[in-house]
$ cat data.cif   # mmCIF, C-alpha atoms
data_my_file
#
loop_
_atom_site.label_atom_id
_atom_site.label_comp_id
_atom_site.auth_asym_id
_atom_site.auth_seq_id
_atom_site.Cartn_x
_atom_site.Cartn_y
_atom_site.Cartn_z
CA MET A 266 83.51 117.10 113.94
CA ASN A 267 80.75 117.40 116.54
CA MET A 268 78.75 114.35 115.54
CA GLY A 269 77.47 113.70 119.06
CA THR A 270 75.65 117.02 119.26
CA GLN A 271 74.11 116.47 115.85
CA SER A 272 72.81 113.01 116.73
CA SER A 273 71.97 113.69 120.43
CA SER A 274 72.10 109.91 120.74
CA LEU A 275 71.14 107.59 123.54
CA LEU A 276 74.39 105.83 124.36
CA TRP A 277 74.43 102.47 126.08
CA LEU A 278 77.51 101.54 128.07
CA ILE A 279 77.99 97.79 128.60
CA SER A 280 81.00 97.51 130.90
CA LYS A 281 81.96 96.22 134.33
CA GLY A 282 84.59 98.87 134.91
CA GLY A 283 82.68 101.77 133.39
CA LEU A 284 84.20 104.93 131.96
CA SER A 285 86.38 107.50 133.63
CA ASP A 286 84.62 110.59 134.91
CA VAL A 287 86.49 112.63 132.29
CA CYS A 288 85.26 110.45 129.41
CA HIS A 289 81.74 110.35 130.82
CA GLY A 290 81.70 114.13 131.11
CA ALA A 291 83.04 114.54 127.56
CA LEU A 292 80.22 112.37 126.20
CA LEU A 293 77.61 114.37 128.09
CA ALA A 294 79.13 117.59 126.75
CA GLU A 295 78.77 116.24 123.21
CA GLY A 296 75.05 115.66 123.69
CA TYR A 297 75.02 111.93 124.46
CA ARG A 298 72.62 110.53 127.04
CA VAL A 299 74.69 107.82 128.70
CA GLU A 300 72.99 104.81 130.30
CA ALA A 301 74.79 101.91 131.98
CA MET A 302 73.21 98.73 130.63
CA ASN A 303 73.91 95.03 130.15
CA LEU A 304 73.25 92.55 127.38
CA MET A 305 69.87 91.58 128.83
CA SER A 306 68.68 95.15 129.37
CA ARG A 307 65.29 96.18 128.06
CA SER A 308 64.39 99.74 127.23
CA GLU A 309 61.59 101.45 125.36
CA HIS A 310 64.21 103.58 123.62
CA LYS A 311 66.64 102.25 121.03
CA PRO A 312 70.28 103.28 121.46
CA GLY A 313 72.09 105.18 118.74
CA VAL A 314 75.49 104.16 120.09
CA ILE A 315 76.58 101.14 122.15
CA LEU A 316 79.98 100.97 123.86
CA VAL A 317 80.86 97.35 124.69
CA ASP A 318 83.80 96.62 126.98
CA SER A 319 85.80 93.41 126.64
CA ASP A 320 85.80 93.20 130.44
CA THR A 321 82.27 91.78 130.24
CA GLY A 322 83.82 88.32 129.96
CA ALA A 323 83.98 85.42 127.51
CA GLY A 324 81.95 85.40 124.35
CA PHE A 325 82.77 89.02 123.51
CA ALA A 326 82.25 88.53 119.76
CA GLU A 327 78.98 86.68 120.41
CA GLN A 328 77.77 89.58 122.55
CA ILE A 329 78.46 91.99 119.70
CA GLN A 330 76.67 89.73 117.21
CA THR A 331 73.63 89.72 119.49
CA LEU A 332 73.68 93.50 119.76
CA VAL A 333 74.06 93.91 115.99
CA SER A 334 71.02 91.68 115.51
CA ARG A 335 68.92 93.49 118.13
CA PHE A 336 69.97 97.04 117.23
CA PRO A 337 70.99 97.18 113.54
CA GLN A 338 70.61 100.97 113.55
CA ALA A 339 73.20 101.47 116.31
CA VAL A 340 76.88 102.29 116.00
CA ILE A 341 78.62 99.63 118.11
CA LEU A 342 82.07 100.45 119.45
CA ALA A 343 84.28 97.84 121.11
CA MET A 344 86.62 98.78 123.95
CA VAL A 345 89.58 96.41 124.27
CA GLU A 346 92.90 96.33 126.12
CA GLN A 347 96.15 97.27 124.38
CA GLY A 348 97.22 93.63 124.08
CA GLU A 349 93.88 92.42 122.68
CA SER A 350 94.36 93.21 118.99
CA ALA A 351 93.07 89.76 118.02
CA LEU A 352 89.93 90.41 120.06
CA ALA A 353 89.50 93.75 118.32
CA GLY A 354 89.58 91.94 114.98
CA GLU A 355 86.96 89.47 116.19
CA ALA A 356 84.78 92.38 117.27
CA LEU A 357 84.95 93.96 113.82
CA ARG A 358 84.15 90.65 112.11
CA ALA A 359 81.20 90.23 114.48
CA GLY A 360 79.80 93.57 113.32
CA ALA A 361 81.31 96.26 115.53
CA SER A 362 81.62 99.60 113.77
CA ASP A 363 85.07 100.26 115.24
CA TYR A 364 87.14 99.84 118.40
CA VAL A 365 89.27 101.85 120.83
CA LEU A 366 92.24 100.59 122.83
CA LYS A 367 92.17 101.12 126.60
CA PRO A 368 93.23 103.30 128.25
CA PHE A 369 92.10 106.09 125.94
CA GLN A 370 91.66 109.83 126.17
CA PRO A 371 88.23 111.47 125.76
CA SER A 372 89.39 113.05 122.50
CA GLN A 373 90.28 109.60 121.12
CA LEU A 374 86.88 108.18 122.04
CA LEU A 375 85.02 111.14 120.54
CA ARG A 376 87.10 111.01 117.36
CA VAL A 377 86.36 107.33 116.74
CA LEU A 378 82.68 107.83 117.57
CA GLY A 379 82.53 110.82 115.24
CA GLN A 380 84.08 108.85 112.40
CA SER A 381 81.69 105.93 112.89
CA LEU A 382 78.63 108.20 112.98
CA ALA A 383 79.87 110.14 109.97
CA LEU A 384 80.26 106.88 108.07
CA ARG A 385 76.75 105.78 109.03
CA ASN A 386 75.38 109.10 107.76
CA SER A 387 77.52 109.47 104.62
CA THR A 388 77.22 106.36 102.51
CA GLY A 389 76.18 108.70 99.68
CA ASP A 390 75.22 106.81 96.52
CA MET A 391 76.68 103.56 97.85
CA VAL A 392 74.02 100.89 98.30
CA VAL A 393 75.55 98.84 101.11
CA ARG A 394 73.71 96.97 103.85
CA SER A 395 75.99 94.01 104.54
CA ARG A 396 78.35 94.12 107.50
CA ALA A 397 81.27 93.17 105.22
CA GLY A 398 80.48 96.03 102.86
CA LEU A 399 80.01 98.53 105.68
CA GLN A 400 83.35 97.55 107.16
CA VAL A 401 85.04 98.29 103.82
CA LEU A 402 83.27 101.67 103.74
CA GLN A 403 84.48 102.32 107.27
CA LEU A 404 88.10 101.72 106.19
CA ALA A 405 87.53 103.78 103.04
CA TYR A 406 86.18 106.66 105.13
CA ARG A 407 89.28 106.55 107.31
CA ALA A 408 91.51 106.45 104.24
CA ALA A 409 89.68 109.45 102.79
CA GLN A 410 90.67 111.58 105.77
CA THR A 411 94.36 111.20 104.85
CA PRO A 412 96.29 112.25 101.73
CA ALA A 413 97.73 108.75 101.26
CA ALA A 414 97.39 106.62 98.15
CA VAL A 415 94.70 103.94 98.19
CA LEU A 416 94.81 100.58 96.42
CA ILE A 417 91.44 98.91 95.78
CA GLY A 418 91.38 95.22 94.94
CA GLY A 419 88.45 93.06 93.99
CA GLU A 420 86.94 91.01 91.23
CA SER A 421 85.70 92.60 88.05
CA GLY A 422 82.34 94.27 88.49
CA THR A 423 82.45 94.69 92.27
CA GLY A 424 82.24 98.47 92.08
CA LYS A 425 85.83 99.59 92.54
CA GLU A 426 85.23 102.88 90.72
CA CYS A 427 82.17 103.56 92.89
CA LEU A 428 84.31 103.00 95.99
CA ALA A 429 86.96 105.37 94.61
CA ARG A 430 84.28 108.02 94.05
CA TYR A 431 83.06 107.50 97.60
CA ILE A 432 86.58 108.11 98.93
CA HIS A 433 86.72 111.32 96.92
CA GLN A 434 83.27 112.48 98.05
CA VAL A 435 83.95 112.08 101.78
CA SER A 436 87.45 113.58 101.64
CA ASP A 437 88.50 117.21 101.91
CA ARG A 438 89.06 117.06 98.14
CA SER A 439 85.37 116.62 97.35
CA ASP A 440 85.17 120.09 95.79
CA GLY A 441 88.01 119.17 93.41
CA PRO A 442 87.82 117.03 90.27
CA PHE A 443 87.47 113.28 90.20
CA VAL A 444 89.20 111.85 87.12
CA ALA A 445 89.15 108.16 86.18
CA VAL A 446 91.45 106.43 83.71
CA ASN A 447 91.01 102.81 82.66
CA CYS A 448 94.57 101.74 81.86
CA ALA A 449 93.32 98.62 80.05
CA ALA A 450 91.01 100.52 77.71
CA ILE A 451 93.61 102.92 76.25
CA PRO A 452 96.09 101.74 73.61
CA GLU A 453 99.58 101.34 75.05
CA SER A 454 100.99 103.86 72.59
CA MET A 455 98.55 106.53 73.79
CA LEU A 456 98.48 105.90 77.54
CA GLU A 457 101.51 108.05 78.38
CA ALA A 458 100.09 111.03 76.49
CA VAL A 459 96.69 110.54 78.12
CA LEU A 460 98.19 110.47 81.61
CA PHE A 461 100.85 113.16 81.34
CA GLY A 462 99.56 115.34 78.51
CA TYR A 463 101.54 116.68 75.56
CA SER A 464 102.63 119.94 74.01
CA LYS A 465 101.85 121.07 70.49
CA GLY A 466 103.95 119.15 67.97
CA ALA A 467 105.09 116.56 70.52
CA TYR A 468 104.22 113.85 67.99
CA THR A 469 102.50 113.54 64.64
CA GLY A 470 98.90 114.62 65.03
CA ALA A 471 99.47 116.71 68.16
CA SER A 472 98.07 119.89 66.61
CA GLN A 473 97.52 121.57 69.97
CA ALA A 474 98.66 121.20 73.56
CA GLN A 475 96.62 118.93 75.80
CA ALA A 476 96.66 118.60 79.57
CA GLY A 477 96.98 115.06 80.87
CA LYS A 478 94.79 113.32 83.42
CA PHE A 479 97.20 114.18 86.23
CA GLU A 480 96.84 117.89 85.53
CA LEU A 481 93.08 117.59 85.13
CA ALA A 482 92.87 115.91 88.53
CA ASN A 483 94.97 118.56 90.30
CA GLY A 484 93.38 119.42 93.63
CA GLY A 485 91.27 116.28 93.49
CA THR A 486 91.48 112.54 92.97
CA LEU A 487 92.86 110.44 90.11
CA LEU A 488 91.67 106.85 89.74
CA LEU A 489 94.07 104.59 87.85
CA ASP A 490 91.78 101.66 87.12
CA GLU A 491 93.18 98.29 86.01
CA ILE A 492 96.66 99.58 86.81
CA SER A 493 98.08 96.06 86.45
CA GLU A 494 97.68 96.49 82.68
CA MET A 495 100.08 99.44 82.57
CA PRO A 496 103.32 98.64 80.65
CA LEU A 497 106.45 98.29 82.80
CA ALA A 498 108.22 101.19 81.09
CA LEU A 499 105.33 103.51 81.87
CA GLN A 500 105.20 102.22 85.45
CA ALA A 501 108.71 103.62 85.96
CA LYS A 502 107.58 107.05 84.73
CA LEU A 503 104.49 106.89 86.91
CA LEU A 504 106.62 106.11 89.96
CA ARG A 505 108.76 109.16 89.27
CA VAL A 506 105.70 111.40 89.01
CA LEU A 507 104.38 110.06 92.31
CA GLN A 508 107.72 110.55 94.04
CA GLU A 509 108.41 114.05 92.73
CA LYS A 510 104.78 115.22 92.70
CA GLU A 511 105.24 116.95 89.40
CA VAL A 512 104.68 116.07 85.77
CA GLU A 513 106.05 117.11 82.39
CA ARG A 514 103.93 117.03 79.27
CA LEU A 515 105.38 115.08 76.38
CA GLY A 516 107.51 117.38 74.26
CA SER A 517 107.87 119.94 77.04
CA HIS A 518 110.41 120.57 79.79
CA GLN A 519 108.07 122.66 81.87
CA LYS A 520 107.14 120.97 85.14
CA VAL A 521 103.66 121.16 86.60
CA ARG A 522 103.34 120.77 90.37
CA LEU A 523 100.75 118.23 91.44
CA ASP A 524 98.41 117.96 94.40
CA VAL A 525 96.56 114.76 93.54
CA ARG A 526 95.38 111.82 95.59
CA ILE A 527 96.01 108.58 93.74
CA VAL A 528 93.53 105.73 93.95
CA ALA A 529 94.65 102.64 92.05
CA ALA A 530 92.41 99.66 91.34
CA SER A 531 92.95 96.20 89.93
CA ASN A 532 91.08 92.92 89.65
CA ARG A 533 94.43 91.12 89.76
CA ASP A 534 96.52 90.36 92.83
CA LEU A 535 99.34 92.88 92.41
CA ARG A 536 101.61 90.90 94.73
CA GLU A 537 101.36 87.99 92.32
CA ALA A 538 101.99 90.38 89.42
CA VAL A 539 105.11 91.62 91.21
CA SER A 540 106.31 88.03 91.72
CA ALA A 541 105.70 87.32 88.04
CA GLY A 542 107.78 90.35 87.02
CA GLU A 543 104.75 92.06 85.51
CA PHE A 544 104.50 94.91 88.00
CA ARG A 545 107.21 97.01 89.63
CA GLU A 546 107.71 96.22 93.29
CA ASP A 547 108.66 99.82 94.18
CA LEU A 548 105.51 101.14 92.51
CA PHE A 549 103.42 98.52 94.32
CA TYR A 550 104.67 99.68 97.72
CA ARG A 551 104.12 103.30 96.72
CA LEU A 552 100.46 102.53 95.96
CA ASP A 553 99.80 99.96 98.68
CA VAL A 554 99.70 102.47 101.54
CA LEU A 555 96.03 101.93 102.40
CA PRO A 556 94.81 98.72 100.70
CA LEU A 557 91.09 98.02 100.48
CA GLY A 558 89.51 94.77 99.36
CA TRP A 559 86.01 95.02 97.89
CA PRO A 560 84.33 91.64 98.56
CA PRO A 561 82.54 89.89 95.69
CA LEU A 562 78.76 90.08 95.75
CA ARG A 563 78.41 86.40 96.66
CA GLU A 564 80.15 87.19 99.97
CA ARG A 565 77.77 90.01 100.88
CA ALA A 566 74.39 88.53 100.09
CA GLU A 567 72.64 91.15 102.23
CA ASP A 568 73.45 93.68 99.49
CA ILE A 569 71.85 91.75 96.62
CA MET A 570 68.22 92.74 97.07
CA PRO A 571 68.89 96.39 98.06
CA LEU A 572 71.04 96.71 94.93
CA ALA A 573 68.45 94.93 92.78
CA ARG A 574 65.71 97.28 93.99
CA HIS A 575 68.01 100.25 93.45
CA PHE A 576 68.52 99.24 89.81
CA LEU A 577 64.80 98.53 89.44
CA GLN A 578 64.08 102.10 90.50
CA LYS A 579 66.93 103.54 88.45
CA TYR A 580 65.91 101.91 85.16
CA GLY A 581 62.17 101.52 85.78
CA GLN A 582 61.35 104.91 84.27
CA GLY A 583 59.16 105.91 87.19
CA GLU A 584 57.07 102.73 87.16
CA SER A 585 56.41 100.77 90.36
CA PHE A 586 58.08 97.45 89.57
CA ARG A 587 58.69 94.77 92.18
CA PHE A 588 60.08 91.25 92.34
CA SER A 589 58.07 88.10 92.85
CA ALA A 590 59.09 85.85 95.75
CA GLU A 591 60.51 83.33 93.27
CA ALA A 592 62.55 86.04 91.55
CA GLU A 593 64.00 87.16 94.89
CA ARG A 594 64.98 83.59 95.73
CA ALA A 595 66.65 83.23 92.33
CA LEU A 596 68.58 86.49 92.78
CA LEU A 597 69.77 85.45 96.22
CA SER A 598 70.86 81.98 95.10
CA HIS A 599 72.74 83.08 91.97
CA PRO A 600 76.56 83.15 92.45
CA TRP A 601 77.02 86.45 90.54
CA PRO A 602 80.37 85.80 88.86
CA GLY A 603 80.05 89.22 87.22
CA ASN A 604 79.20 90.83 90.57
CA ILE A 605 77.31 94.15 90.67
CA ARG A 606 77.84 94.81 86.97
CA GLU A 607 76.14 91.49 86.15
CA LEU A 608 73.29 92.24 88.55
CA GLU A 609 72.72 95.65 86.97
CA ASN A 610 72.57 94.14 83.49
CA VAL A 611 70.22 91.38 84.63
CA ILE A 612 67.79 93.95 86.06
CA GLN A 613 67.95 96.09 82.90
CA ARG A 614 67.21 93.03 80.79
CA ALA A 615 64.39 91.93 83.10
CA LEU A 616 62.70 95.31 82.71
CA ILE A 617 62.78 94.91 78.94
CA LEU A 618 61.32 91.41 79.10
CA ALA A 619 58.75 91.91 81.88
CA ARG A 620 55.07 91.74 80.88
CA SER A 621 53.75 93.22 84.11
CA ALA A 622 54.82 95.31 87.08
CA ILE A 623 55.99 92.12 88.79
CA ILE A 624 59.44 90.90 87.76
CA ASP A 625 59.27 87.11 87.71
CA VAL A 626 62.07 84.59 87.69
CA VAL A 627 61.65 83.92 83.95
CA ASP A 628 62.30 87.62 83.27
CA LEU A 629 65.68 87.42 85.00
CA MET A 630 67.00 84.75 82.61
CA LEU A 631 69.69 83.64 85.05
CA PRO A 632 71.79 80.78 83.65
CA GLU A 633 71.35 78.64 86.75
CA SER A 634 67.58 79.13 86.83
CA ALA A 635 65.62 75.98 86.04
CA GLN A 636 62.62 78.14 85.13
CA SER A 637 64.82 80.04 82.70
CA ARG A 638 65.99 76.84 81.06
CA SER A 639 62.45 75.47 80.76
CA ALA A 640 61.31 78.75 79.23
CA ASN A 641 63.75 78.00 76.41
CA SER A 642 64.31 81.65 75.67
CA LEU A 643 67.73 83.20 76.05
CA ILE A 644 69.74 80.01 76.24
CA THR A 645 68.43 78.58 72.96
CA LEU A 646 69.30 81.53 70.79
CA SER A 647 70.39 79.35 67.90
CA GLN A 648 66.78 78.26 67.35
CA PRO A 649 64.88 80.28 64.73
CA VAL A 650 62.12 82.57 65.92
CA ALA A 651 58.76 80.93 65.28
CA ASP A 652 55.70 82.83 64.13
CA THR A 653 53.10 80.56 65.73
CA PRO A 654 50.90 82.19 68.38
CA ALA A 655 52.02 79.65 70.99
CA GLU A 656 55.62 80.78 70.58
CA GLY A 657 54.94 84.47 70.20
CA LEU A 658 56.17 85.24 73.73
CA GLN A 659 59.42 83.41 73.10
CA ALA A 660 59.95 85.35 69.88
CA SER A 661 59.21 88.63 71.65
CA ARG A 662 61.68 87.82 74.43
CA GLN A 663 64.32 86.84 71.89
CA ARG A 664 63.91 90.10 69.98
CA ALA A 665 64.15 92.01 73.27
CA GLU A 666 67.38 90.23 74.10
CA PHE A 667 68.80 90.95 70.65
CA ASP A 668 68.01 94.64 71.19
CA TYR A 669 69.69 94.55 74.58
CA VAL A 670 72.86 92.95 73.22
CA LEU A 671 73.01 95.61 70.49
CA GLN A 672 72.51 98.33 73.10
CA ILE A 673 75.51 97.10 75.12
CA LEU A 674 77.58 96.72 71.95
CA ARG A 675 76.86 100.35 71.06
CA GLN A 676 77.72 101.41 74.61
CA TYR A 677 81.19 99.88 74.21
CA SER A 678 81.61 100.94 70.55
CA GLY A 679 81.49 97.35 69.32
CA HIS A 680 84.29 96.17 71.65
CA ARG A 681 83.57 92.44 71.98
CA SER A 682 85.47 91.55 75.16
CA ARG A 683 84.14 94.55 77.12
CA THR A 684 80.60 93.84 75.88
CA ALA A 685 80.89 90.20 76.93
CA GLU A 686 82.08 91.25 80.38
CA ALA A 687 79.20 93.72 80.74
CA LEU A 688 76.72 91.00 79.74
CA GLY A 689 78.24 88.51 82.16
CA LEU A 690 79.30 86.21 79.29
CA THR A 691 82.48 84.70 77.99
CA THR A 692 83.77 86.10 74.72
CA ARG A 693 83.01 82.75 73.08
CA ALA A 694 79.39 82.83 74.32
CA LEU A 695 79.01 86.34 72.91
CA ARG A 696 80.28 85.13 69.53
CA TYR A 697 77.61 82.43 69.52
CA LYS A 698 74.94 85.00 70.33
CA LEU A 699 76.08 87.30 67.54
CA ALA A 700 76.14 84.38 65.11
CA ALA A 701 72.57 83.52 66.09
CA MET A 702 71.57 87.14 65.54
CA ARG A 703 73.13 87.14 62.09
CA GLU A 704 71.16 84.00 61.29
CA GLN A 705 68.02 86.02 62.05
CA GLY A 706 69.12 88.59 59.45
CA ILE A 707 70.59 91.21 61.81
CA ASP A 708 73.52 93.16 60.37
CA ILE A 709 75.58 93.54 63.56
CA ASP A 710 78.12 96.07 62.26
CA ARG A 711 75.47 98.27 60.71
CA ALA A 712 73.26 98.12 63.81
CA VAL A 713 76.15 99.05 66.06
CA GLY A 714 77.50 101.65 63.68
CA ALA A 715 80.92 100.02 63.47
#
$ encode --input "data.cif" --output "structure tokens"
Amino acid sequence: MNMGTQSSSLLWLISKGGLSDVCHGALLAEGYRVEAMNLMSRSEHKPGVILVDSDTGAGFAEQIQTLVSRFPQAVILAMVEQGESALAGEALRAGASDYVLKPFQPSQLLRVLGQSLALRNSTGDMVVRSRAGLQVLQLAYRAAQTPAAVLIGGESGTGKECLARYIHQVSDRSDGPFVAVNCAAIPESMLEAVLFGYSKGAYTGASQAQAGKFELANGGTLLLDEISEMPLALQAKLLRVLQEKEVERLGSHQKVRLDVRIVAASNRDLREAVSAGEFREDLFYRLDVLPLGWPPLRERAEDIMPLARHFLQKYGQGESFRFSAEAERALLSHPWPGNIRELENVIQRALILARSAIIDVVDLMLPESAQSRSANSLITLSQPVADTPAEGLQASRQRAEFDYVLQILRQYSGHRSRTAEALGLTTRALRYKLAAMREQGIDIDRAVGA
């Protein structure tokens, strides 16, 4: 992958010992313009790549933090000695894109640089600006270049399926299918047939043969979402399929060879599930080859506003909406227990409620917002809608929220727990909302089509 030639980057080298003539020549051959610099250097040109050597002395991580702050557009690569693995970790936490262990060959340096530049240029549909998020993408990009299984952990709503799609898109399987299965959303009695397929007459109602998700994903990627919810008996069958790389449809003895990358995801700690006897240890180790942890949104605050603006553009129907300063402060201070899914729903709701092109804090209706509480709109749903002119705005907002709740209910076919999760509510809070809606004369089942 000749990323250096494509970027033709200015490369700063911050090192006392410098590079070998062979490595220097290899960089020049790849199109890099190499300049020996130091932390205090000033230049009218901004570097595309910075190589920082640990031989520059104490405060290595602080040096990298300074460079990240000064040159956020640059790929920063740390060079550390073989015995400095802890220092390499500090460099990554400080914001380095990657590291190489000295002594290294030119091919090793170019490979790591190529991967880092490819990552910077291939975030795809992922809206990630935080260093923590970019580091996860860096690991995901590396994982995508191998055929190994990937296990994605993270709280509900963090975007585990989006990360799985990213892995598929930047892998050599990107031309193949991406198939996702939510193991928690399929009845236990049907999950085996959904995964492995079935032949005609395999069970009552099987009027024709049906390929399973494994077959449909052949040549591509299969995401097993919420895998911790898979029954133990089915886990044993899944392990066998993964080991033998072939599957049999229910009711058939014909084996189908598989070439599928498995990405598993769970919002539970699978190690704890193993300890509790709820997940097979052998299956866990089969899946836990390349584990990735997607941080919650509250731990990558730099992503909140880029994501919020992304959703504003996505759902704004071509209109030029923007956030007020107060709304931005409220978004940044909210803890986001529902993570990106909650943020997306908040922005959708705000667009329904907004009375101008400026999204204000009252339109967000965040539970922790004092302005939201004083507005007495979404939180006081049990109050009847008044017809007085002074309360017309409140009534309008309440009707808009009722419509939004019904929209999400329809999206999840009336499923209460999934609707509550999508709305960022507890199931009990959703019940209260639905009761308030019924008090206003809304027939929930009829409106949803249940």
$ closest_residue --input "data.cif" --among "A:Leu671, A:Val521, A:Leu690, A:Asp440" --to "Asp708 (chain A)" --atoms "all atoms listed in the file"
A:Leu671
$ residues_near_point --input "data.cif" --point "(70.5, 100.8, 98.1)" --cutoff "10 Å" --atoms "all atoms listed in the file" --output "ChimeraX atom specification"
/A:388-394,568-576
$ resolve_selection --input "data.cif" --expression "the PyMOL selection byres ((chain A and resi 462-465) around 9)" --output "count of residues only"
25
$ resolve_selection --input "data.cif" --expression "the PyMOL selection byres ((chain A and resi 556) around 10)" --output "list in words"
Leu404, Ala405, Ala408, Ala414, Val415, Leu416, Ile417, Gly418, Val528, Ala529, Ala530, Leu552, Asp553, Val554, Leu555, Leu557, Gly558 and Trp559 of chain A
$ closest_atom_pairs --input "data.cif" --of "region 532-627 of chain A" --to "region 679-689 of chain A" --cutoff "9 Å" --atoms "all atoms listed in the file" --output "JSON lines"
{"residue": "A:Trp601", "atom": "CA", "partner": "A:Gly689", "partner_atom": "CA", "distance": 8.7}
{"residue": "A:Pro602", "atom": "CA", "partner": "A:Gly689", "partner_atom": "CA", "distance": 7.5}
{"residue": "A:Gly603", "atom": "CA", "partner": "A:Gly689", "partner_atom": "CA", "distance": 5.4}
{"residue": "A:Asn604", "atom": "CA", "partner": "A:Gly689", "partner_atom": "CA", "distance": 8.8}
{"residue": "A:Arg606", "atom": "CA", "partner": "A:Ala687", "partner_atom": "CA", "distance": 6.5}
{"residue": "A:Glu607", "atom": "CA", "partner": "A:Gly689", "partner_atom": "CA", "distance": 5.4}
{"residue": "A:Leu608", "atom": "CA", "partner": "A:Gly689", "partner_atom": "CA", "distance": 8.9}
{"residue": "A:Asn610", "atom": "CA", "partner": "A:Leu688", "partner_atom": "CA", "distance": 6.4}
{"residue": "A:Val611", "atom": "CA", "partner": "A:Leu688", "partner_atom": "CA", "distance": 8.1}
$ atom_distance --input "data.cif" --atom1 "CA of Pro496 (chain A)" --atom2 "CA of Ile673 (chain A)"
28.4 Å
$ resolve_selection --input "data.cif" --expression "the PyMOL selection byres ((chain A and resi 504) around 10)" --output "PyMOL selection string"
chain A and resi 499-503+505-510+545+547-549+551-552
$ closest_residue --input "data.cif" --among "A:Ala429, A:Ala590, A:Val627, A:Ile341" --to "Leu382 (chain A)" --atoms "all atoms listed in the file"
A:Ile341
$ residues_around --input "data.cif" --residues "Arg376 (chain A)" --least-positions-apart "4" --cutoff "12 Å" --atoms "all atoms listed in the file" --output "ChimeraX atom specification"
/A:266-269,291-292,295,342,363-365,369-372,380-383,407
$ residues_around --input "data.cif" --residues "region 326-331 of chain A" --least-positions-apart "6" --cutoff "8 Å" --atoms "only C-alpha atoms" --output "number ranges by chain"
A: 304, 317, 341, 352, 355-356, 359-361
$ atom_distance --input "data.cif" --atom1 "CA of Glu564 (chain A)" --atom2 "CA of Ala592 (chain A)"
19.5 Å
$ residues_around --input "data.cif" --residues "Ile707 (chain A)" --least-positions-apart "2" --cutoff "12 Å" --atoms "all atoms listed in the file" --output "list in words"
Arg664, Phe667, Asp668, Val670, Leu671, Lys698, Leu699, Ala700, Ala701, Met702, Arg703, Glu704, Gln705, Ile709, Asp710, Arg711, Ala712 and Val713 of chain A
$ write_last_selection --input "data.cif" --atoms "C-alpha atoms" --output "mmCIF file, in the frame of the given file"
data_model
loop_
_atom_site.group_PDB
_atom_site.id
_atom_site.type_symbol
_atom_site.label_atom_id
_atom_site.label_comp_id
_atom_site.auth_asym_id
_atom_site.auth_seq_id
_atom_site.Cartn_x
_atom_site.Cartn_y
_atom_site.Cartn_z
ATOM 1 C CA ARG A 664 63.910 90.100 69.980
ATOM 2 C CA PHE A 667 68.800 90.950 70.650
ATOM 3 C CA ASP A 668 68.010 94.640 71.190
ATOM 4 C CA VAL A 670 72.860 92.950 73.220
ATOM 5 C CA LEU A 671 73.010 95.610 70.490
ATOM 6 C CA LYS A 698 74.940 85.000 70.330
ATOM 7 C CA LEU A 699 76.080 87.300 67.540
ATOM 8 C CA ALA A 700 76.140 84.380 65.110
ATOM 9 C CA ALA A 701 72.570 83.520 66.090
ATOM 10 C CA MET A 702 71.570 87.140 65.540
ATOM 11 C CA ARG A 703 73.130 87.140 62.090
ATOM 12 C CA GLU A 704 71.160 84.000 61.290
ATOM 13 C CA GLN A 705 68.020 86.020 62.050
ATOM 14 C CA ILE A 709 75.580 93.540 63.560
ATOM 15 C CA ASP A 710 78.120 96.070 62.260
ATOM 16 C CA ARG A 711 75.470 98.270 60.710
ATOM 17 C CA ALA A 712 73.260 98.120 63.810
ATOM 18 C CA VAL A 713 76.150 99.050 66.060
#
$ residues_around --input "data.cif" --residues "Gly282 (chain A)" --least-positions-apart "4" --cutoff "9 Å" --atoms "only C-alpha atoms" --output "list of chain:residue names"
A:Asp318, A:Asp320, A:Thr321
$ closest_residue --input "data.cif" --among "A:Leu399, A:Leu456, A:Leu375, A:Val340" --to "Glu567 (chain A)" --atoms "only C-alpha atoms"
A:Leu399
$ decode --input "data.cif" --residues "region 417-422 of chain A" --atoms "N, CA, C and O atoms" --output "CSV table (one decimal), in the first residue's frame"
chain,number,residue,atom,x,y,z
A,417,ILE,N,-16.5,-7.2,20.0
A,417,ILE,CA,-16.7,-5.8,20.3
A,417,ILE,C,-17.5,-5.7,21.6
A,417,ILE,O,-18.6,-6.2,21.6
A,418,GLY,N,-17.0,-5.0,22.5
A,418,GLY,CA,-17.7,-4.8,23.8
A,418,GLY,C,-18.0,-3.3,23.9
A,418,GLY,O,-17.5,-2.4,23.2
A,419,GLY,N,-19.0,-3.0,24.7
A,419,GLY,CA,-19.4,-1.6,24.9
A,419,GLY,C,-20.8,-1.5,25.4
A,419,GLY,O,-21.6,-2.4,25.2
A,420,GLU,N,-21.1,-0.4,26.0
A,420,GLU,CA,-22.5,-0.2,26.5
A,420,GLU,C,-23.5,-0.2,25.3
A,420,GLU,O,-23.1,0.0,24.2
A,421,SER,N,-24.7,-0.3,25.7
A,421,SER,CA,-25.8,-0.3,24.7
A,421,SER,C,-25.8,1.1,24.1
A,421,SER,O,-25.7,2.1,24.8
A,422,GLY,N,-25.9,1.1,22.7
A,422,GLY,CA,-26.1,2.4,22.0
A,422,GLY,C,-24.8,3.1,21.7
A,422,GLY,O,-24.8,4.2,21.1
